[in-house]
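Engineer: First the structure, then my questions, so here it is.
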Amino acid sequence: MEETAASVDFVTLGMFIIDDIYPPPSASDQTPQKDVIGGAGTYSAVGARLFAPPPTSKSVGWIVDEGPDFPPELRSIIASWETGVLMRPRDGPTTRGWNGYGENEHRAFKYLTEKKRLTAADLTPQLLQSKSFHLICSATRLITEVTSILDRRRQAFGENVPRPLMIWEPVPDLATPEELDNTIQALQYVDVISPNHEELGSLLSSTHPSVGVDKSAVEEQAKLLLSHGVGPEGKGAVVVRASKEGCYVASGKDAQRLSRWLPAYHNDASKVVDPTGGGNGFLGGLAIGLVQTDGELVEAARMGSVAASFCIEQVGMPMKDEGKETWNGVDVSKRLSEFTSRAS
């Protein structure tokens with residue numbers, strides 16, 4: 001008897017990267033951390049995986065292109081997560097990145113090897129069945145990729161295949177006024193657009209104070225995007241990630257409008273070790289939350305906030321405890337329950 005393939009709830013087209021992380025010049029210990037699991041795709045997959053314990057962990061789909069240089073210990077860590085990862089051999093080296101600091105101790109990143117970008121063409125028939133997709137890309141590429149995913153799904157599964165959720169994380173470099181028209185055009189292709197507050201402001205020729213977040217500005221800017229219609233039927237959402245201020249969720253119009261701030265999970269700055277990947281993890285949790293709750297946006301955003309909290313408690317990925325369904329020594333469902341009572 002053939003084993004039934006597991007259903008797929010989440011797939012990311014974000015990349016896997018092996019990071020070398022160098023401390024800021026002011027740090028007393030200048031020892032770099034090498035061979036750290038990273039990449040926006042990885043963080044988003046882990047964010048979704050946190051809410052998908054085995055056997056449903058196989059419903060989290062993502063792709064890792066592994067070159068001959070791929071460290072065996074990283075393969076073991078990935079295997080321990082028990083996801084529906086597709087590990088693909090690659091002739092060239094694994095995509096690697098340098099994370100360090102430039103002038104004025106500003107964070108800096110550069111690729112050390114050729115990057116292997118993922119597209120809709122990389123999706124296997126199994127991954128193509130996903131109920132949600134996370135895309136981190138430009139507006140023009142977003143339209144191309146979503147169109148390709150939907151076309152391939154119709155060809156493979158018929159004209160009546162349900163439309164999956166499309167979660168768009170715009171690339172920070174293109175959060176500029178020049179990209180606004182392209183962004184507006186892309187809105188109809190996605191169910192959620194999720195920039196951070198600085199990216200949203202920059203897109204709309206606005207800046208936030210040097211300290212803190214101008215919440216009223218975020219609300220007005222999100223309302224502006226909603227006015228252009230998010231989603232194929234205008235029923236989509238804007239979810240703005242606002243660092244230590246949490247997130248803002250907005251959808252609908254007039255009497256049906258949802259407008260809600262949720263706090264960040266961590267209100268103690270000492271708990272935040274490295275914010276890298278927090279936003280990606282948030283969107284993985286949000287996406288699988290929308291699937292699991294049948295579109296309950298606020299509950300999904302709570303799941304995203306909890307996912308982000310695990311991603312920022314250390315350098316690199318949260319640690320799954322051996323032989324247990326706990327991460328960083330914490331039961332994910334209990335953390336979500338605690339956060340829900342606090343952010344109800």
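Each chain in the structure tokens gets a letter, A, B, ..., in the order shown, and its residues are numbered from 1; ligands are numbered from 1 in order too.
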Env of Tyr101 (chain A): 10 Å cut, atoms = only C-alpha atoms, seq-sep filter 6 positions within chain, self excluded. Answer as an MDAnalysis selection string.

Structural biologist: chainID A and resid 21:25 107:109

Engineer: Go through region 131-161 of chain A and flag each residue having an atom no more than 12 Å from region 48-55 of chain A; for those, report the closest pair of atoms plus their distance in Å to one decimal, using only C-alpha atoms, ordered by chain and rising number, as a Markdown table.

Structural biologist:
| residue | atom | partner | partner_atom | distance |
| --- | --- | --- | --- | --- |
| A:Ser132 | CA | A:Ala48 | CA | 10.7 |
| A:Phe133 | CA | A:Ala48 | CA | 11.2 |
| A:His134 | CA | A:Ala48 | CA | 10.5 |

Engineer: Write the selection just made, keeping C-alpha atoms, as a compact mmCIF listing (two decimals), in the first residue's frame?

Structural biologist:
# COMPACT_ATOMS: atom_id res chain seq x y z
CA SER A 132 -0.13 29.07 1.82
CA PHE A 133 2.99 30.56 0.24
CA HIS A 134 5.49 33.03 1.68

Engineer: Would you mind listing what lies within 6 Å of region 123-130 of chain A as a ChimeraX atom specification, with only C-alpha atoms counted and same-chain residues fewer than 6 positions away left out?

Structural biologist: /A:8-10

Engineer: I need the residue nearest Ala120 (chain A) from this list: A:Leu135, A:Val298, A:Val161, A:Ile149. Use only C-alpha atoms for the distance.

Structural biologist: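 The closest residue to Ala120 (chain A) is A:Ile149.
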
Engineer: Taking only C-alpha atoms into account, which of A:Ser251, A:Gln256, A:Thr42, A:Thr31 comes nearest Leu283 (chain A)?

Structural biologist: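 Smallest separation from Leu283 (chain A) among the options: A:Thr42.
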
Engineer: One decimal, Å: what's the distance from CA of Ala242 (chain A) over to CA of Val332 (chain A), could you say?

Structural biologist: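 Separation of CA of Ala242 (chain A) and CA of Val332 (chain A): 22.1 Å.
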
Engineer: Using only C-alpha atoms, which protein or nucleic acid residues come within 12 Å of Asn267 (chain A)? Drop anything in the same chain fewer than 6 positions from it, and give the result as a PyMOL selection string.

Structural biologist: chain A and resi 243-246+305+309+339+342

Engineer: Please produce, as CSV, a per-residue contact table for region 219-275 of chain A versus region 173-195 of chain A (criterion: any atom at most 12 Å away, only C-alpha atoms considered), showing the nearest atom pair and its distance in Å to one decimal, sorted by chain then residue number.

Structural biologist:
residue,atom,partner,partner_atom,distance
A:Gln221,CA,A:Pro195,CA,11.2
A:Ala222,CA,A:Ile193,CA,9.8
A:Leu224,CA,A:Ile184,CA,10.0
A:Leu225,CA,A:Ile184,CA,7.3
A:Leu226,CA,A:Leu187,CA,8.8
A:Ser227,CA,A:Ile184,CA,9.9
A:His228,CA,A:Ile184,CA,6.7
A:Gly229,CA,A:Gln188,CA,6.3
A:Val230,CA,A:Leu187,CA,4.8
A:Gly231,CA,A:Gln188,CA,4.2
A:Pro232,CA,A:Gln188,CA,4.8
A:Glu233,CA,A:Gln188,CA,7.6
A:Gly234,CA,A:Gln188,CA,7.0
A:Lys235,CA,A:Asp191,CA,7.4
A:Gly236,CA,A:Asp191,CA,4.4
A:Ala237,CA,A:Val192,CA,4.8
A:Val238,CA,A:Ile193,CA,5.2
A:Val239,CA,A:Ser194,CA,4.8
A:Val240,CA,A:Ser194,CA,5.4
A:Arg241,CA,A:Pro195,CA,6.4
A:Ala242,CA,A:Pro195,CA,9.0
A:Ser243,CA,A:Pro195,CA,11.3
A:Cys247,CA,A:Ser194,CA,9.8
A:Tyr248,CA,A:Ser194,CA,9.7
A:Val249,CA,A:Ser194,CA,9.3
A:Ala250,CA,A:Val192,CA,9.8
A:Ser251,CA,A:Val192,CA,9.2
A:Gly252,CA,A:Asp191,CA,11.8

Engineer: What does the distance between CA of Glu313 (chain A) and CA of Leu200 (chain A) come to in Å, to one decimal place?

Structural biologist: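 Between CA of Glu313 (chain A) and CA of Leu200 (chain A) the gap works out to 25.5 Å.
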
Engineer: Counting only C-alpha atoms, figure out which residue out of A:Met87, A:Ile17, A:Val291, A:Met317 gets nearest to Glu114 (chain A).

Structural biologist: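 Among the listed residues, A:Ile17 lies closest to Glu114 (chain A).
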
Engineer: At what distance in Å, to one decimal, does CA of Ile167 (chain A) lie from CA of Lys334 (chain A)?

Structural biologist: 26.0 Å

Engineer: Using DSSP on the backbone coordinates, identify all residues within region 90-286 of chain A classified as strand (DSSP E); present the result as a ChimeraX atom specification.

Structural biologist: /A:96-101,107-111,132-137,165-170,192-193,237-241,247-251,258-262

Engineer: Between A:Ile18, A:Leu150, A:Ile288, A:Ala40, single out the one closest to Thr56 (chain A), counting only C-alpha atoms.

Structural biologist: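 Going through A:Ile18, A:Leu150, A:Ile288, A:Ala40 one by one, the smallest distance to Thr56 (chain A) is for A:Ile288.
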
Engineer: Can you list every residue in region 208-336 of chain A that DSSP puts in helix (DSSP H, G or I), as an NGL selection string?

Structural biologist: :A and (215-227 or 243-245 or 254-256 or 269-271 or 278-292 or 297-311 or 332-336)

Engineer: Which neighbours of Thr340 (chain A) fall inside 10 Å, counting only C-alpha atoms, when residues of the same chain fewer than 2 positions from it are skipped, and could you give them as a ChimeraX atom specification?

Structural biologist: /A:262,265,299,302-303,306,334-338,342-344

Engineer: Only N, CA and C atoms, please: the residues just picked out, written as an mmCIF file, in the first residue's frame.

Structural biologist:
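Produced file result_5.cif, reproduced below:
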data_model
loop_
_atom_site.group_PDB
_atom_site.id
_atom_site.type_symbol
_atom_site.label_atom_id
_atom_site.label_comp_id
_atom_site.auth_asym_id
_atom_site.auth_seq_id
_atom_site.Cartn_x
_atom_site.Cartn_y
_atom_site.Cartn_z
ATOM 1 N N LEU A 262 -1.152 44.749 18.283
ATOM 2 C CA LEU A 262 -0.794 43.684 19.214
ATOM 3 C C LEU A 262 0.612 43.975 19.730
ATOM 4 N N TYR A 265 5.868 40.079 21.873
ATOM 5 C CA TYR A 265 5.848 39.124 22.989
ATOM 6 C C TYR A 265 6.833 39.544 24.076
ATOM 7 N N GLU A 299 -5.708 36.188 15.578
ATOM 8 C CA GLU A 299 -5.109 34.996 16.186
ATOM 9 C C GLU A 299 -3.846 34.584 15.438
ATOM 10 N N ARG A 302 -1.070 36.789 16.483
ATOM 11 C CA ARG A 302 -0.527 36.370 17.782
ATOM 12 C C ARG A 302 0.474 35.230 17.581
ATOM 13 N N MET A 303 0.136 34.289 16.726
ATOM 14 C CA MET A 303 1.042 33.172 16.451
ATOM 15 C C MET A 303 2.329 33.687 15.804
ATOM 16 N N VAL A 306 4.503 35.230 18.554
ATOM 17 C CA VAL A 306 5.163 34.201 19.367
ATOM 18 C C VAL A 306 6.288 33.547 18.575
ATOM 19 N N LYS A 334 2.047 26.740 25.228
ATOM 20 C CA LYS A 334 1.888 27.451 26.495
ATOM 21 C C LYS A 334 2.271 28.923 26.350
ATOM 22 N N ARG A 335 3.334 29.193 25.586
ATOM 23 C CA ARG A 335 3.699 30.585 25.351
ATOM 24 C C ARG A 335 2.593 31.309 24.593
ATOM 25 N N LEU A 336 1.990 30.639 23.619
ATOM 26 C CA LEU A 336 0.895 31.259 22.871
ATOM 27 C C LEU A 336 -0.299 31.530 23.784
ATOM 28 N N SER A 337 -0.631 30.586 24.656
ATOM 29 C CA SER A 337 -1.751 30.780 25.580
ATOM 30 C C SER A 337 -1.498 31.961 26.508
ATOM 31 N N GLU A 338 -0.276 32.040 27.006
ATOM 32 C CA GLU A 338 0.086 33.146 27.894
ATOM 33 C C GLU A 338 0.004 34.478 27.160
ATOM 34 N N ARG A 342 -2.593 37.862 27.517
ATOM 35 C CA ARG A 342 -2.024 39.201 27.690
ATOM 36 C C ARG A 342 -2.451 40.138 26.563
ATOM 37 N N ALA A 343 -2.662 39.591 25.373
ATOM 38 C CA ALA A 343 -2.980 40.411 24.194
ATOM 39 C C ALA A 343 -4.344 40.036 23.639
ATOM 40 N N SER A 344 -5.310 39.876 24.535
ATOM 41 C CA SER A 344 -6.656 39.474 24.109
ATOM 42 C C SER A 344 -7.478 40.689 23.680
#

Engineer: Using only C-alpha atoms for the distances, tell me which of A:Ala79, A:Leu118, A:Cys137, A:Ala45 is nearest to Leu13 (chain A).

Structural biologist: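 Ranked by minimum distance to Leu13 (chain A), first place goes to A:Leu118.
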
Engineer: So which residues touch Asp20 (chain A) within 7 Å, counting only C-alpha atoms, skipping near sequence neighbours fewer than 4 positions away, as a list in words?

Structural biologist: Pro32, Gln33, Lys34, Asp35, Val36, Gly97, Trp98 and Asn99 of chain A
